[in-house]
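Presented below is the structure to which this report refers.
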Amino acid sequence: MSACPCGSKQNYDACCGLYIEGGEKPETAEQLMRSRYTAYTRENIDYIAATHYPSSKDDFDIPQALEWAKNSDWQGLEIVETVDGGKSDQTGVVEFKVDFTLNGESNKLHERSDFKKKNGIWYYVDGKQPTQQYRREAPKVGRNDPCSCGSGKKFKKCCGVAA
């Protein structure tokens with residue numbers, strides 16, 4: 001009995017193994033996300049391909065996915081947020097982070113994935129890296145504001161002079 005790689009703290013056979021090996025279908029988008037991660041750790045690319053939404057299967061590169069799975073040391077999955085994707089929903093979004101090592105380098109995949117249910121079965125549709133907002137540490141200095149260097153001049157006449 002081994003712990004499931006998805007981080008659920010359950011036994012593999014009672015968790016993602018039910019879907020990957022046992023033929024049961026995930027009831028939620030998050031369960032599908034977790035089982036897809038686990039399938040990558042086990043190099044089960046057939047399961048990954050089978051859980052792609054039919055219209056997006058053509059975009060999936062099986063040899064590349066298998067190479068990535070085989071050459072990666074999978075170190076963990078973190079579910080950041082789940083929006084909808086429950087048993088009674090038809091769509092859902094799961095944001096997650098995956099830590100892995102590839103060619104000796106530590107990597108992190110951060111993705112916000114869309115899931116859709118068809119005929120009662122959840123599928124992965126697409127994923128995008130979330131955009132991060134930039135926050136200033138200090139308020140923006142306007143052209144006519146006093147210069148932040150302390151000279152007493154207006155910013156436009158001091159540090160804001162165009163080069």
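Going by the structure tokens order, chains are called A, B, ..., each with residues numbered from 1, while ligands are numbered from 1 in the order shown.
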
Discussion item. Applying 9 Å and only C-alpha atoms, which residues near Glu81 of chain A remain after dropping the ones on its own chain fewer than 6 positions away? List them as a VMD selection string.
Written reply: chain A and resid 93 to 96 112

Could you write out that same residue set with N, CA, C and O atoms as an mmCIF file, in the first residue's frame?
data_model
loop_
_atom_site.group_PDB
_atom_site.id
_atom_site.type_symbol
_atom_site.label_atom_id
_atom_site.label_comp_id
_atom_site.auth_asym_id
_atom_site.auth_seq_id
_atom_site.Cartn_x
_atom_site.Cartn_y
_atom_site.Cartn_z
ATOM 1 N N VAL A 93 -12.951 24.904 -12.974
ATOM 2 C CA VAL A 93 -11.592 25.417 -13.133
ATOM 3 C C VAL A 93 -10.793 24.971 -11.916
ATOM 4 O O VAL A 93 -11.265 25.088 -10.782
ATOM 5 N N VAL A 94 -9.602 24.452 -12.169
ATOM 6 C CA VAL A 94 -8.702 24.063 -11.088
ATOM 7 C C VAL A 94 -7.361 24.748 -11.335
ATOM 8 O O VAL A 94 -6.745 24.555 -12.379
ATOM 9 N N GLU A 95 -6.954 25.564 -10.375
ATOM 10 C CA GLU A 95 -5.633 26.181 -10.433
ATOM 11 C C GLU A 95 -4.708 25.359 -9.556
ATOM 12 O O GLU A 95 -5.049 25.021 -8.418
ATOM 13 N N PHE A 96 -3.537 25.035 -10.088
ATOM 14 C CA PHE A 96 -2.622 24.164 -9.354
ATOM 15 C C PHE A 96 -1.178 24.541 -9.627
ATOM 16 O O PHE A 96 -0.868 25.250 -10.577
ATOM 17 N N ARG A 112 -3.838 27.215 -14.630
ATOM 18 C CA ARG A 112 -5.267 27.345 -14.345
ATOM 19 C C ARG A 112 -5.974 26.577 -15.452
ATOM 20 O O ARG A 112 -5.968 26.999 -16.604
#

Using only C-alpha atoms, find each residue of segment 95-146 of chain A with at least one atom at most 10 Å away from an atom of segment 53-72 of chain A; report its shortest atom-to-atom pair and that distance in Å (one decimal), sort the rows by chain and rising residue number, and return the result as JSON lines.
{"residue": "A:Asp99", "atom": "CA", "partner": "A:Ser72", "partner_atom": "CA", "distance": 9.8}
{"residue": "A:Phe100", "atom": "CA", "partner": "A:Ser72", "partner_atom": "CA", "distance": 6.2}
{"residue": "A:Thr101", "atom": "CA", "partner": "A:Ser72", "partner_atom": "CA", "distance": 5.5}
{"residue": "A:Leu102", "atom": "CA", "partner": "A:Ser72", "partner_atom": "CA", "distance": 4.8}
{"residue": "A:Asn103", "atom": "CA", "partner": "A:Asn71", "partner_atom": "CA", "distance": 7.3}
{"residue": "A:Gly104", "atom": "CA", "partner": "A:Ser72", "partner_atom": "CA", "distance": 9.1}
{"residue": "A:Glu105", "atom": "CA", "partner": "A:Ser72", "partner_atom": "CA", "distance": 9.7}
{"residue": "A:Ser106", "atom": "CA", "partner": "A:Ser72", "partner_atom": "CA", "distance": 9.8}
{"residue": "A:Asn107", "atom": "CA", "partner": "A:Ser72", "partner_atom": "CA", "distance": 9.7}
{"residue": "A:Phe115", "atom": "CA", "partner": "A:Tyr53", "partner_atom": "CA", "distance": 8.2}
{"residue": "A:Lys116", "atom": "CA", "partner": "A:Tyr53", "partner_atom": "CA", "distance": 7.4}
{"residue": "A:Lys117", "atom": "CA", "partner": "A:Tyr53", "partner_atom": "CA", "distance": 8.6}
{"residue": "A:Lys118", "atom": "CA", "partner": "A:Tyr53", "partner_atom": "CA", "distance": 8.4}
{"residue": "A:Ile121", "atom": "CA", "partner": "A:Tyr53", "partner_atom": "CA", "distance": 9.8}
{"residue": "A:Trp122", "atom": "CA", "partner": "A:Tyr53", "partner_atom": "CA", "distance": 8.3}
{"residue": "A:Tyr123", "atom": "CA", "partner": "A:Tyr53", "partner_atom": "CA", "distance": 4.9}
{"residue": "A:Tyr124", "atom": "CA", "partner": "A:Tyr53", "partner_atom": "CA", "distance": 5.5}
{"residue": "A:Val125", "atom": "CA", "partner": "A:Tyr53", "partner_atom": "CA", "distance": 5.2}
{"residue": "A:Asp126", "atom": "CA", "partner": "A:Ser56", "partner_atom": "CA", "distance": 7.6}

Discussion item. Here is a test: counting only C-alpha atoms, which residue of A:Arg34, A:Pro130, A:Leu77, A:Thr28 is nearest to Gln90 of chain A?
Written reply: A:Thr28

Against segment 6-15 of chain A, which residues of segment 43-153 of chain A fall within 12 Å? For each one I want the closest pair of atoms and the distance in Å (one decimal), counting only C-alpha atoms, rows by chain and increasing residue number, as a tab-separated table.
residue	atom	partner	partner_atom	distance
A:Trp74	CA	A:Cys6	CA	10.2
A:Gln75	CA	A:Cys6	CA	9.9
A:Gly76	CA	A:Gly7	CA	7.0
A:Leu77	CA	A:Cys6	CA	6.0
A:Glu78	CA	A:Gly7	CA	7.7
A:Ile79	CA	A:Gly7	CA	9.4
A:Phe96	CA	A:Cys6	CA	11.3
A:Lys97	CA	A:Cys6	CA	11.4
A:Val98	CA	A:Cys6	CA	10.0
A:Asp99	CA	A:Cys6	CA	11.7

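Every protein or nucleic acid residue with an atom no more than 9 Å from Arg143 of chain A, counting only C-alpha atoms and leaving out same-chain residues fewer than 4 positions away, appears here: A:Cys147, A:Lys154, A:Phe155, A:Lys156, A:Lys157, A:Gly160.
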
Worksheet entry | Given only C-alpha atoms as the counted atoms, nearest of A:Leu32, A:Asn144, A:His110, A:His52 to Gly92 of chain A | A:Leu32

Fill in: Separation of atom CA of Ser88 of chain A from atom CA of Pro26 of chain A, in Å and rounded to one decimal
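If I compute the distance from atom CA of Ser88 of chain A to atom CA of Pro26 of chain A, I get 12.5 Å.
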